[in-house]
Each structure stands twice: as structure tokens, then as C-alpha cells.
file structure.txt (compact mmCIF, C-alpha atoms)
# COMPACT_ATOMS: atom_id res chain seq x y z
CA MET A 1 93.08 83.59 85.15
CA THR A 2 96.77 84.21 85.85
CA ILE A 3 99.54 84.24 83.23
CA GLU A 4 100.88 81.03 84.79
CA GLN A 5 97.50 79.35 84.24
CA ILE A 6 97.24 80.61 80.67
CA TYR A 7 100.79 79.38 80.08
CA LYS A 8 99.76 75.87 81.09
CA LEU A 9 97.14 76.02 78.35
CA PHE A 10 99.76 77.35 75.93
CA GLU A 11 102.05 74.42 76.69
CA THR A 12 99.46 72.05 75.22
CA HIS A 13 98.12 74.47 72.57
CA GLN A 14 101.23 76.18 71.22
CA LYS A 15 99.74 77.76 68.12
CA VAL A 16 98.71 81.37 68.85
CA ILE A 17 96.46 83.11 66.32
CA THR A 18 95.05 86.65 66.35
CA ASP A 19 93.13 86.53 63.05
CA SER A 20 89.88 84.56 63.22
CA ARG A 21 90.09 83.95 59.45
CA LYS A 22 93.24 81.86 59.97
CA ILE A 23 92.12 79.58 62.79
CA GLU A 24 93.83 76.20 63.10
CA THR A 25 92.46 73.29 65.09
CA GLY A 26 93.67 73.36 68.68
CA CYS A 27 95.04 76.92 68.62
CA LEU A 28 94.68 79.72 71.15
CA PHE A 29 92.76 82.68 69.73
CA PHE A 30 93.62 86.10 71.18
CA ALA A 31 90.77 88.53 70.48
CA LEU A 32 92.74 91.72 69.85
CA LYS A 33 91.14 95.10 69.28
CA GLY A 34 92.04 97.79 66.77
CA ASP A 35 90.73 101.16 65.66
CA LYS A 36 88.39 99.50 63.17
CA PHE A 37 87.81 96.02 64.59
CA ASN A 38 87.02 94.20 67.81
CA GLY A 39 88.35 90.64 67.95
CA ASN A 40 85.98 89.84 70.80
CA GLN A 41 83.18 89.72 68.26
CA PHE A 42 84.87 86.81 66.50
CA ALA A 43 85.66 84.69 69.57
CA ASN A 44 82.70 82.36 69.15
CA ASP A 45 83.43 82.01 65.43
CA ALA A 46 87.05 81.07 66.24
CA LEU A 47 85.88 78.37 68.66
CA ASN A 48 83.47 76.99 66.07
CA LYS A 49 86.34 76.76 63.59
CA GLY A 50 88.40 74.65 65.99
CA ALA A 51 90.24 76.99 68.37
CA ALA A 52 90.84 75.29 71.72
CA PHE A 53 90.32 78.50 73.69
CA ALA A 54 89.55 82.15 72.99
CA ILE A 55 91.02 84.91 75.19
CA VAL A 56 88.62 87.88 75.41
CA ASP A 57 88.42 91.08 77.45
CA GLU A 58 84.72 91.96 77.22
CA GLN A 59 82.27 90.19 79.52
CA GLU A 60 79.51 89.83 76.93
CA TYR A 61 81.74 87.56 74.83
CA ASN A 62 82.70 85.33 77.77
CA THR A 63 80.04 82.85 76.73
CA SER A 64 81.50 79.37 77.23
CA GLU A 65 83.97 77.29 79.19
CA LYS A 66 86.37 77.76 76.28
CA THR A 67 86.49 81.55 76.58
CA ILE A 68 88.94 83.09 79.02
CA LEU A 69 88.15 86.57 80.28
CA VAL A 70 91.13 88.83 80.96
CA GLU A 71 91.47 92.54 81.67
CA ASN A 72 93.32 93.34 78.42
CA VAL A 73 93.95 90.82 75.62
CA LEU A 74 96.97 92.64 74.13
CA GLN A 75 98.71 92.98 77.49
CA THR A 76 97.97 89.32 78.22
CA LEU A 77 99.54 88.31 74.89
CA GLN A 78 102.63 90.38 75.69
CA LYS A 79 102.92 89.03 79.25
CA LEU A 80 102.53 85.48 78.01
CA ALA A 81 105.29 86.03 75.44
CA TYR A 82 107.63 87.43 78.10
CA PHE A 83 106.83 84.54 80.45
CA HIS A 84 107.52 82.05 77.66
CA ARG A 85 110.78 83.79 76.77
CA LYS A 86 111.95 83.45 80.39
CA GLN A 87 110.94 79.79 80.54
CA LEU A 88 112.96 79.02 77.41
CA GLY A 89 116.03 80.84 78.72
CA ILE A 90 117.66 80.99 75.29
CA PRO A 91 119.82 83.84 73.96
CA ILE A 92 117.78 86.50 72.17
CA LEU A 93 119.29 88.91 69.66
CA GLY A 94 117.35 92.14 69.16
CA ILE A 95 117.59 94.16 65.94
CA THR A 96 116.30 97.65 65.26
CA GLY A 97 117.22 100.57 63.01
CA SER A 98 115.81 103.03 60.52
CA ASN A 99 117.03 101.13 57.44
CA GLY A 100 118.25 97.63 56.70
CA LYS A 101 116.95 95.87 59.80
CA THR A 102 114.88 93.28 57.91
CA THR A 103 117.69 92.45 55.46
CA THR A 104 120.16 92.25 58.36
CA LYS A 105 117.77 90.02 60.30
CA GLU A 106 117.41 87.71 57.31
CA LEU A 107 121.19 87.51 56.79
CA ILE A 108 121.92 86.92 60.47
CA SER A 109 119.30 84.18 60.66
CA ALA A 110 120.64 82.50 57.51
CA ILE A 111 124.14 82.47 58.98
CA LEU A 112 123.15 81.29 62.47
CA ARG A 113 121.06 78.48 60.95
CA GLU A 114 124.32 77.00 59.71
CA LYS A 115 125.05 75.97 63.30
CA TYR A 116 121.95 76.47 65.46
CA ARG A 117 118.20 75.92 65.48
CA VAL A 118 117.04 79.50 65.01
CA ALA A 119 113.61 81.12 65.33
CA PHE A 120 113.34 84.61 63.86
CA THR A 121 110.84 87.33 62.99
CA GLN A 122 108.81 86.41 59.94
CA GLY A 123 108.09 89.14 57.43
CA ASN A 124 107.62 92.47 59.18
CA LEU A 125 106.03 91.17 62.42
CA ASN A 126 108.18 93.58 64.39
CA ASN A 127 105.69 95.64 66.43
CA HIS A 128 103.83 95.34 69.76
CA ILE A 129 101.87 92.38 68.36
CA GLY A 130 104.50 90.87 66.06
CA VAL A 131 107.23 90.65 68.69
CA PRO A 132 105.07 88.62 71.12
CA LEU A 133 103.98 86.32 68.27
CA THR A 134 107.63 85.83 67.29
CA LEU A 135 108.55 84.85 70.84
CA LEU A 136 105.58 82.51 71.13
CA SER A 137 106.64 80.77 67.91
CA MET A 138 109.79 79.56 69.67
CA ASN A 139 109.85 76.19 71.41
CA LYS A 140 112.12 73.91 73.39
CA THR A 141 114.10 73.00 70.27
CA THR A 142 114.99 76.65 69.59
CA GLU A 143 118.60 77.49 70.43
CA ILE A 144 118.73 81.17 69.44
CA GLY A 145 115.98 83.73 68.82
CA VAL A 146 116.39 86.68 66.44
CA VAL A 147 113.80 89.39 67.05
CA GLU A 148 113.32 92.41 64.81
CA MET A 149 111.91 95.50 66.54
CA GLY A 150 110.26 98.33 64.63
CA ALA A 151 108.94 101.66 65.81
CA ASN A 152 107.10 104.62 64.32
CA HIS A 153 106.34 106.47 67.57
CA PRO A 154 108.50 107.59 70.51
CA PHE A 155 109.80 105.06 72.99
CA GLU A 156 108.29 101.96 71.38
CA ILE A 157 111.62 100.11 71.29
CA GLY A 158 111.88 100.21 75.08
CA LYS A 159 108.46 98.58 75.38
CA LEU A 160 109.47 95.85 72.93
CA CYS A 161 112.66 95.26 74.90
CA ASP A 162 110.54 94.78 78.02
CA ILE A 163 108.77 91.94 76.21
CA ALA A 164 111.67 90.27 74.37
CA ASP A 165 114.38 91.00 76.97
CA PRO A 166 117.25 90.64 74.45
CA ASP A 167 120.73 89.56 75.56
CA PHE A 168 122.42 90.85 72.41
CA GLY A 169 121.49 93.76 70.21
CA ILE A 170 122.29 95.71 67.09
CA ILE A 171 121.02 99.03 65.72
CA THR A 172 121.63 98.98 61.98
CA ASN A 173 121.56 102.79 61.69
CA ILE A 174 119.47 105.79 62.68
CA GLY A 175 117.94 107.92 59.95
CA ARG A 176 115.05 110.24 59.13
CA ALA A 177 112.20 107.73 59.07
CA HIS A 178 108.63 108.05 60.43
CA LEU A 179 109.19 111.71 61.24
CA GLU A 180 105.43 112.20 61.39
CA GLY A 181 105.17 109.82 64.35
CA PHE A 182 108.43 110.76 66.06
CA GLY A 183 108.48 114.51 65.55
CA SER A 184 112.25 114.90 65.26
CA PHE A 185 115.48 113.07 64.53
CA GLU A 186 116.53 113.43 68.19
CA ILE A 187 113.48 111.51 69.35
CA ILE A 188 114.15 108.82 66.72
CA LYS A 189 117.67 108.55 68.10
CA LYS A 190 116.47 108.28 71.70
CA THR A 191 113.91 105.63 70.77
CA LYS A 192 116.35 103.43 68.84
CA ALA A 193 118.90 103.87 71.64
CA GLU A 194 116.49 102.18 74.05
CA LEU A 195 117.82 98.84 72.78
CA TYR A 196 121.35 99.80 73.87
CA GLU A 197 120.04 101.16 77.17
CA HIS A 198 118.29 97.87 77.87
CA LEU A 199 121.46 95.91 77.13
CA LYS A 200 123.56 98.19 79.31
CA ARG A 201 121.21 97.68 82.27
CA LYS A 202 121.24 93.93 81.71
CA GLY A 203 124.95 93.59 81.03
CA GLY A 204 124.19 92.32 77.53
CA THR A 205 126.35 92.55 74.41
CA ILE A 206 126.10 95.43 71.94
CA ILE A 207 127.15 94.84 68.34
CA TYR A 208 127.64 98.08 66.41
CA ASN A 209 129.02 99.69 63.27
CA ASN A 210 132.17 101.53 64.29
CA ASP A 211 132.00 103.62 61.08
CA ASN A 212 128.73 105.20 62.21
CA PRO A 213 129.38 108.24 64.47
CA VAL A 214 125.83 108.28 65.88
CA LEU A 215 126.10 104.66 67.03
CA ASN A 216 129.58 105.29 68.41
CA GLU A 217 128.15 108.09 70.51
CA LEU A 218 125.36 105.88 71.84
CA VAL A 219 127.67 103.00 72.74
CA ASP A 220 129.85 105.45 74.64
CA ASP A 221 132.24 103.78 77.11
CA TYR A 222 130.15 100.63 77.63
CA SER A 223 132.59 97.74 77.86
CA ASN A 224 130.61 94.72 76.65
CA LYS A 225 130.57 95.57 72.95
CA ILE A 226 131.77 94.25 69.62
CA SER A 227 132.46 96.57 66.71
CA PHE A 228 132.59 96.03 62.98
CA GLY A 229 133.64 98.41 60.22
CA LYS A 230 136.19 99.23 57.58
CA THR A 231 138.98 100.12 60.02
CA ASN A 232 139.68 100.35 63.76
CA ALA A 233 137.10 97.71 64.66
CA ASP A 234 137.04 94.25 66.19
CA PHE A 235 135.81 92.82 62.88
CA THR A 236 136.87 94.54 59.67
CA GLY A 237 136.23 94.38 55.95
CA GLU A 238 135.69 96.48 52.86
CA PRO A 239 133.38 96.52 49.86
CA VAL A 240 135.09 95.31 46.70
CA SER A 241 132.45 95.71 44.03
CA SER A 242 128.76 96.50 43.65
CA SER A 243 128.24 96.14 39.90
CA PRO A 244 125.64 94.81 39.98
CA TYR A 245 125.91 92.64 43.10
CA LEU A 246 127.75 93.58 46.27
CA HIS A 247 130.98 91.73 47.06
CA ALA A 248 133.07 92.31 50.18
CA LYS A 249 136.47 91.30 51.50
CA VAL A 250 136.30 90.44 55.20
CA ASN A 251 139.03 89.73 57.74
CA PHE A 252 138.25 86.66 59.83
CA PRO A 253 140.55 85.56 62.68
CA ARG A 254 142.18 82.87 60.51
CA GLY A 255 142.37 84.83 57.27
CA VAL A 256 140.60 86.81 54.57
CA LEU A 257 137.43 85.66 52.82
CA PHE A 258 135.47 87.19 49.98
CA LEU A 259 131.74 87.37 50.71
CA ASN A 260 129.76 87.39 47.47
CA SER A 261 126.11 88.35 47.76
CA HIS A 262 123.01 88.70 45.61
CA LEU A 263 122.26 92.09 47.14
CA THR A 264 122.51 95.29 45.14
CA GLY A 265 123.85 98.58 46.45
CA GLU A 266 126.94 99.36 48.49
CA TYR A 267 124.64 100.43 51.35
CA ASN A 268 124.14 96.71 51.99
CA PHE A 269 127.80 96.39 52.96
CA GLU A 270 127.06 97.29 56.58
CA ASN A 271 124.24 94.72 56.65
CA ILE A 272 126.57 91.98 55.40
CA MET A 273 129.28 93.05 57.85
CA ALA A 274 126.84 93.04 60.76
CA ALA A 275 125.66 89.51 59.91
CA ALA A 276 129.17 88.17 59.37
CA CYS A 277 130.38 89.78 62.61
CA ILE A 278 127.52 88.22 64.59
CA GLY A 279 128.08 84.86 62.91
CA ASN A 280 131.75 85.01 63.83
CA PHE A 281 130.85 85.95 67.43
CA PHE A 282 128.58 82.91 67.69
CA GLN A 283 131.39 80.74 66.29
CA VAL A 284 129.86 79.86 62.96
CA GLU A 285 132.65 78.65 60.66
CA PRO A 286 133.77 81.36 58.20
CA LEU A 287 133.16 79.16 55.15
CA LYS A 288 129.59 78.56 56.33
CA ILE A 289 129.13 82.30 56.78
CA GLN A 290 130.40 82.76 53.23
CA ALA A 291 127.99 80.12 51.90
CA ALA A 292 124.99 81.53 53.78
CA ILE A 293 125.54 85.02 52.33
CA LYS A 294 126.09 83.65 48.84
CA ASN A 295 122.90 81.58 49.01
CA TYR A 296 120.69 84.37 50.39
CA ARG A 297 118.28 85.81 47.84
CA PRO A 298 116.49 89.09 48.66
CA GLN A 299 112.72 89.04 48.36
CA ASN A 300 109.71 91.30 48.89
CA ASN A 301 111.05 94.13 46.70
CA ARG A 302 114.19 94.66 48.79
CA SER A 303 117.44 95.28 46.86
CA GLN A 304 116.39 92.88 44.12
CA LEU A 305 118.01 92.87 40.69
CA LEU A 306 115.52 91.95 37.98
CA GLU A 307 116.11 91.61 34.26
CA LYS A 308 113.20 92.20 31.89
CA ASN A 309 112.94 93.10 28.22
CA GLY A 310 116.52 94.27 28.00
CA LEU A 311 116.30 96.33 31.20
CA GLN A 312 118.19 95.81 34.43
CA ILE A 313 115.88 96.85 37.26
CA ILE A 314 116.82 97.56 40.85
CA MET A 315 113.62 96.88 42.77
CA ASP A 316 113.91 98.48 46.21
CA ALA A 317 110.37 99.64 46.88
CA TYR A 318 109.51 97.75 50.05
CA ASN A 319 109.85 101.02 51.92
CA ALA A 320 111.53 104.40 51.75
CA ASN A 321 112.59 107.35 53.86
CA PRO A 322 114.94 110.26 53.10
CA THR A 323 118.02 108.42 54.34
CA SER A 324 117.40 105.18 52.45
CA MET A 325 116.34 106.95 49.26
CA GLN A 326 119.45 109.11 49.27
CA VAL A 327 121.85 106.16 49.62
CA SER A 328 119.89 104.10 47.07
CA ILE A 329 120.24 106.82 44.44
CA GLU A 330 123.95 107.34 45.13
CA SER A 331 124.60 103.59 45.03
CA PHE A 332 122.66 103.28 41.77
CA ILE A 333 124.77 106.03 40.20
CA SER A 334 128.05 104.38 41.22
CA ALA A 335 127.08 100.84 40.18
CA PHE A 336 125.32 101.34 36.83
CA GLN A 337 126.25 103.06 33.59
CA LYS A 338 124.06 105.15 31.31
CA PRO A 339 121.26 105.20 30.30
CA ARG A 340 119.79 105.39 33.80
CA PHE A 341 116.16 105.89 34.77
CA LEU A 342 114.64 106.72 38.16
CA ILE A 343 111.15 105.75 39.27
CA LEU A 344 110.58 107.30 42.70
CA GLY A 345 107.47 107.14 44.87
CA ASP A 346 106.44 109.39 47.74
CA MET A 347 108.11 108.80 51.11
CA LEU A 348 105.29 108.50 53.62
CA GLU A 349 104.98 109.37 57.32
CA LEU A 350 107.25 112.42 57.23
CA GLY A 351 104.75 114.88 58.71
CA ASP A 352 105.32 118.59 58.26
CA GLN A 353 108.86 117.95 56.96
CA SER A 354 107.57 115.89 54.04
CA LEU A 355 107.68 118.50 51.25
CA ASN A 356 111.17 119.73 52.15
CA GLU A 357 112.51 116.17 52.35
CA HIS A 358 111.13 115.40 48.88
CA ILE A 359 112.60 118.61 47.46
CA SER A 360 115.99 117.63 48.94
CA ILE A 361 115.84 114.31 47.12
CA LEU A 362 115.10 116.09 43.85
CA GLU A 363 118.01 118.47 44.43
CA GLN A 364 120.18 115.37 44.80
CA THR A 365 118.93 113.86 41.53
CA LYS A 366 119.66 117.11 39.68
CA LYS A 367 123.39 116.56 40.28
CA HIS A 368 123.44 113.38 38.19
CA PRO A 369 122.62 112.56 34.56
CA PHE A 370 119.43 110.51 34.14
CA LYS A 371 117.73 109.63 30.89
CA ALA A 372 114.40 110.27 32.63
CA VAL A 373 112.99 110.63 36.14
CA PHE A 374 109.44 109.47 36.92
CA LEU A 375 107.86 110.67 40.17
CA VAL A 376 104.76 109.08 41.70
CA GLY A 377 102.56 110.57 44.41
CA PRO A 378 101.08 113.92 45.39
CA VAL A 379 104.08 115.09 47.45
CA PHE A 380 106.67 114.45 44.75
CA LYS A 381 104.28 116.05 42.27
CA GLU A 382 104.22 119.23 44.35
CA ALA A 383 107.96 119.11 45.08
CA ALA A 384 108.80 118.80 41.36
CA HIS A 385 107.21 122.13 40.45
CA ASN A 386 110.59 123.56 39.40
CA PHE A 387 112.01 120.34 37.92
CA SER A 388 111.57 118.98 34.41
CA TYR A 389 110.55 115.49 35.51
CA PHE A 390 107.57 113.29 34.69
CA THR A 391 105.04 113.40 37.55
CA PHE A 392 102.05 111.17 38.25
CA SER A 393 99.42 111.32 40.95
CA ASP A 394 99.50 107.56 41.51
CA VAL A 395 101.09 104.37 40.20
CA SER A 396 98.18 103.62 37.84
CA ALA A 397 98.86 106.86 35.98
CA LEU A 398 102.53 105.93 35.61
CA CYS A 399 101.64 102.43 34.39
CA SER A 400 99.34 103.96 31.78
CA HIS A 401 102.15 106.25 30.61
CA LEU A 402 104.67 103.39 30.39
CA SER A 403 102.25 101.21 28.44
CA HIS A 404 102.33 103.82 25.67
CA ASN A 405 105.91 105.03 26.22
CA PRO A 406 107.98 102.02 27.27
CA ILE A 407 111.54 102.23 28.57
CA LYS A 408 113.39 100.14 25.99
CA LYS A 409 116.98 99.92 27.20
CA GLY A 410 119.03 100.79 30.26
CA TYR A 411 119.04 100.60 34.03
CA VAL A 412 116.08 101.44 36.26
CA LEU A 413 115.96 102.17 40.00
CA ILE A 414 112.51 101.79 41.58
CA LYS A 415 112.33 103.27 45.08
CA GLY A 416 109.40 104.43 47.19
CA SER A 417 107.25 103.77 50.22
CA ARG A 418 105.23 100.57 50.27
CA GLY A 419 101.93 102.48 50.25
CA ILE A 420 102.68 103.84 46.76
CA GLN A 421 102.68 100.25 45.39
CA LEU A 422 105.48 100.76 42.87
CA GLU A 423 105.76 96.99 42.41
CA LYS A 424 102.84 97.34 39.97
CA VAL A 425 105.21 99.11 37.56
CA ILE A 426 107.12 95.89 36.84
CA ASP A 427 104.42 94.56 34.52
CA PHE A 428 104.77 97.68 32.37
CA LEU A 429 108.56 97.57 31.91
call {"tool": "encode", "arguments": {"input": "structure.txt", "output": "C-alpha cells"}}
result
Amino acid sequence: MTIEQIYKLFETHQKVITDSRKIETGCLFFALKGDKFNGNQFANDALNKGAAFAIVDEQEYNTSEKTILVENVLQTLQKLAYFHRKQLGIPILGITGSNGKTTTKELISAILREKYRVAFTQGNLNNHIGVPLTLLSMNKTTEIGVVEMGANHPFEIGKLCDIADPDFGIITNIGRAHLEGFGSFEIIKKTKAELYEHLKRKGGTIIYNNDNPVLNELVDDYSNKISFGKTNADFTGEPVSSSPYLHAKVNFPRGVLFLNSHLTGEYNFENIMAAACIGNFFQVEPLKIQAAIKNYRPQNNRSQLLEKNGLQIIMDAYNANPTSMQVSIESFISAFQKPRFLILGDMLELGDQSLNEHISILEQTKKHPFKAVFLVGPVFKEAAHNFSYFTFSDVSALCSHLSHNPIKKGYVLIKGSRGIQLEKVIDFL
């Protein structure tokens, strides 16, 4: 069956599901494969639960008139998403970066919703499966699509651009993330730059942070670009305060506005500026941009300020890499007074550079006064050999310690990779 024929089915069955446990009546079930599962095995189950059709790629599971046999289910899903994107013909904004891309995506979407019907990446569905599902969630009422693109291996962004075909794009920044998968910072840079390369070939619009020398280098002399930053940019502003929430002063064409957020950390300034710049470009009224930023509340353990038992807690443990951890610590130091406490979890996926990157973070912490530093995970435990910090093999061990030795007063930064599960600490503070 051709993509055009499958698309005709999609037009009447517009709910696409890849998890047989979440089947909805009348949906299309795509039987994806993984290292530890084979969706083909659940095709019949999906049909029994109410799926209209099941797309499979193994002959033995092509057992009824409601199963559609294709060569490769994943490639079919991606081709269908691209075909749908072209049929819609709406502007697509692509977002990638080592840090801040999800927060920036959320802010941009909140601002654009003030004027347009927007469809955007939900959660972290930003990979080779998530991007197609995001595109297929759009319909004829959608006016703008905002697509987040993630990568942890070389040249994945280019492949996602081939599917989403963005007209506009922003790289939030490029840092030392997923070094295990990429191998080096240079390959990270080349992979993220694939978004800009796609836009240059297409004649699309690049939005970029003029204060970031790496991004400046990648934009080069391309003419169709819009810059934001503190100075010498098309759209300018400056952080005013970050104690505890970040506030910025931004120069709009008709005057200055203060953008007051519920985000912690001055590192979120570039995320706010990116969103405001894009909102201004798409002609959202400045006062509506201001309101959207003010009303946005961070979730999922990203830059959240929590108050509990006399403590002020910065919860920023959705993910971590050396770049984001470094700026989080520096921002915490500048925004909060003593007594300060650090709870840091291992940074994952750093490969053979992992130990040195963790030691570098500890060298950074040594320059500042902390009441106590708690380190969670085997890598931090090894890295802290020459530091007088509390170390724990896992989060359960830390929780046990805190249950008997509670932190009673002060400010706490919680930062670590998602796999360390530092969110469990909250119940023990």
C-alpha cells in the first residue's frame, strides 16, 4: 500500500497510536519495533481493542483485512508524517539545542497561542518517533506547528528536519550533552547545526542568540536571520532580577516592557528572549507576550521554585549535562543567600569523559560557600574522593540520610539527570 493510500485512511482515522495499551476506538495502530519489543505481536490485540487498522511489517502478523503490511513500520510512520505536513502547508518552527529547548518550546507555544491555533510537541516527544507523532497530531485547524527536535547521536537532527521540513528554526545553545553518543563537542555542534543547514537550503528563517559566539559562527553570512540578545541585535533586552524569579526588560518596536516570569535562574533569560523575539516576529501584541510569559508555570522538575518546611527549593532535575549544571550552580549562587545546600545527581551519557566532567563540577562548587553538598550516584561518588562532601550510591540512600538528618532552613538546589530520580528527595525535605 502506498503512502497516498495510507493517508486516505489517516484522513478518516486521524488518531495515531504506537502503544497497544493505549488504543482508542477508530485509531491507526503502528506496530513499531524496539530492542526489547516487537509491536507486530500486538497488532491483533490492538484491533480487538478497537483500532481501525494496524500497520505491520512482518508477514505472519498480516492476518486480516484490517492489517496493512508495509516494508518498515517506522519509515512508513515518518513518511506519512512528512506527507501530512506537506498537505497542511502550514509554517513549522523547529527547535533544538543542548539545554533549554523544552522550556523555550513551551514559552514560544504559550505566546503564539495568544494569536494562533498552535500545535506543539507534547512532553519530550522529540525523537524519530515523537516528531512524526507531533506532526500527525496537527489538523486543518492548526495555523502554526512548533516541533522540538532532540538528538543523542550524530546527525539525527538532519533526519528529523527531513521529516518536519521546518520553515523557521532556533538552536537554543550547544553544550556538552550526550557525549557518550556523540563522541565529541564538534560532532554535537555539527549535528545541531543541521537545523540551520536545512533552513539555509530552503531559504527559511533562522532565529538566533547574538550573544552566543558558537551560534554566530554557524549563522555566518546567511541573510534571512533574526537575532536577539543584550546588545547589537534585532531584538534586545536585559535581565533585571533573578531573586528568586527571573525578570527581564525587553525593547519592543513601540517601547520597553518588563517581562516577569515564574522561572528561576538567569540562564532562562535567553529562553524568554527567544520566545519574545519569535512572538514579536509573528506579530503577537507585546502585552499578550508579556501576559503569556507571566502566566507560564514551569512543570516536570524544570526550573521550579518550591517552598517546603521553611526551605526554598530550586527543583531543576529533569535532566543535566556539564553545561546546564554549571550555569545552574552559578545562577543559584547569584540569586540566593546563605545558607545554601546543593543536591547533585550524576550526569548521564557522558562516556569516557564522564569522570573528568564530574570532577570539574566539583572544582566549581569548591569556589563557593555551601552549608552542605550532597552527591548522588556512582560517578559523583568516585569524583568526590578528594572532597569533603556527602556521597550516596543512589537516591534512596540520600533519602534515608535526610530522614534522620533533615535540612531545616535555607536554600536548596536539586540538579541531576532524570535517571537518578532526584525528585524522590522532595518528600524528605
call {"tool": "closest_residue", "arguments": {"input": "structure.txt", "among": "A:Gln14, A:Asn173, A:Ser354, A:Asn38", "to": "Asn139 in chain A", "atoms": "only C-alpha atoms"}}
result
A:Gln14
call {"tool": "closest_residue", "arguments": {"input": "structure.txt", "among": "A:Ala31, A:Val56, A:Val219, A:Leu429", "to": "Glu307 in chain A", "atoms": "all atoms listed in the file"}}
result
A:Leu429
call {"tool": "atom_distance", "arguments": {"input": "structure.txt", "atom1": "CA of Ile188 in chain A", "atom2": "CA of Ala151 in chain A"}}
result
8.9 Å
call {"tool": "residues_around", "arguments": {"input": "structure.txt", "residues": "Ala276 in chain A", "least_positions_apart": "4", "cutoff": "9 Å", "atoms": "only C-alpha atoms", "output": "list of chain:residue names"}}
result
A:Leu107, A:Ile108, A:Ile111, A:Phe235, A:Val250, A:Asn271, A:Ile272, A:Asn280, A:Phe281, A:Pro286, A:Ile289, A:Gln290, A:Ile293
call {"tool": "atom_distance", "arguments": {"input": "structure.txt", "atom1": "CA of Asn232 in chain A", "atom2": "CA of Leu259 in chain A"}}
result
20.0 Å
call {"tool": "closest_atom_pairs", "arguments": {"input": "structure.txt", "of": "range 218-297 of chain A", "to": "range 331-343 of chain A", "cutoff": "10 Å", "atoms": "all atoms listed in the file", "output": "CSV"}}
result
residue,atom,partner,partner_atom,distance
A:Ser241,CA,A:Ala335,CA,8.4
A:Ser242,CA,A:Ala335,CA,5.8
A:Ser243,CA,A:Ala335,CA,4.8
A:Pro244,CA,A:Ala335,CA,6.2
A:Tyr245,CA,A:Ala335,CA,8.8
A:Leu246,CA,A:Ala335,CA,9.5
A:Thr264,CA,A:Ser331,CA,8.6
A:Gly265,CA,A:Ser331,CA,5.3
A:Glu266,CA,A:Ser331,CA,5.9
A:Tyr267,CA,A:Ser331,CA,7.1
A:Asn268,CA,A:Ser331,CA,9.8
call {"tool": "write_last_selection", "arguments": {"input": "structure.txt", "atoms": "C-alpha atoms", "output": "PDB file, keeping the file's coordinate frame"}}
result
ATOM      1  CA  SER A 241     132.450  95.710  44.030  1.00  0.00           C
ATOM      2  CA  SER A 242     128.760  96.500  43.650  1.00  0.00           C
ATOM      3  CA  SER A 243     128.240  96.140  39.900  1.00  0.00           C
ATOM      4  CA  PRO A 244     125.640  94.810  39.980  1.00  0.00           C
ATOM      5  CA  TYR A 245     125.910  92.640  43.100  1.00  0.00           C
ATOM      6  CA  LEU A 246     127.750  93.580  46.270  1.00  0.00           C
ATOM      7  CA  THR A 264     122.510  95.290  45.140  1.00  0.00           C
ATOM      8  CA  GLY A 265     123.850  98.580  46.450  1.00  0.00           C
ATOM      9  CA  GLU A 266     126.940  99.360  48.490  1.00  0.00           C
ATOM     10  CA  TYR A 267     124.640 100.430  51.350  1.00  0.00           C
ATOM     11  CA  ASN A 268     124.140  96.710  51.990  1.00  0.00           C
TER      12      ASN A 268
END
call {"tool": "closest_residue", "arguments": {"input": "structure.txt", "among": "A:Thr67, A:Asn260, A:Gln59, A:Ser137", "to": "Ala43 in chain A", "atoms": "all atoms listed in the file"}}
result
A:Thr67
call {"tool": "residues_around", "arguments": {"input": "structure.txt", "residues": "range 372-389 of chain A", "least_positions_apart": "2", "cutoff": "6 Å", "atoms": "only C-alpha atoms", "output": "compact mmCIF listing (two decimals) with C-alpha atoms, in the frame of the given file"}}
result
# COMPACT_ATOMS: atom_id res chain seq x y z
CA PHE A 341 116.16 105.89 34.77
CA LEU A 342 114.64 106.72 38.16
CA ILE A 343 111.15 105.75 39.27
CA LEU A 344 110.58 107.30 42.70
CA GLY A 345 107.47 107.14 44.87
CA ASP A 346 106.44 109.39 47.74
CA ILE A 359 112.60 118.61 47.46
CA PHE A 370 119.43 110.51 34.14
CA THR A 391 105.04 113.40 37.55
CA PHE A 392 102.05 111.17 38.25
CA SER A 393 99.42 111.32 40.95
CA ASP A 394 99.50 107.56 41.51
call {"tool": "closest_residue", "arguments": {"input": "structure.txt", "among": "A:His84, A:Val240, A:Tyr208, A:Glu349", "to": "Ile163 in chain A", "atoms": "only C-alpha atoms"}}
result
A:His84
call {"tool": "closest_residue", "arguments": {"input": "structure.txt", "among": "A:Pro369, A:Gly34, A:Pro132, A:Pro406", "to": "Cys161 in chain A", "atoms": "all atoms listed in the file"}}
result
A:Pro132
call {"tool": "closest_residue", "arguments": {"input": "structure.txt", "among": "A:Ala81, A:Ala320, A:Leu32, A:Leu215", "to": "Ile174 in chain A", "atoms": "all atoms listed in the file"}}
result
A:Leu215
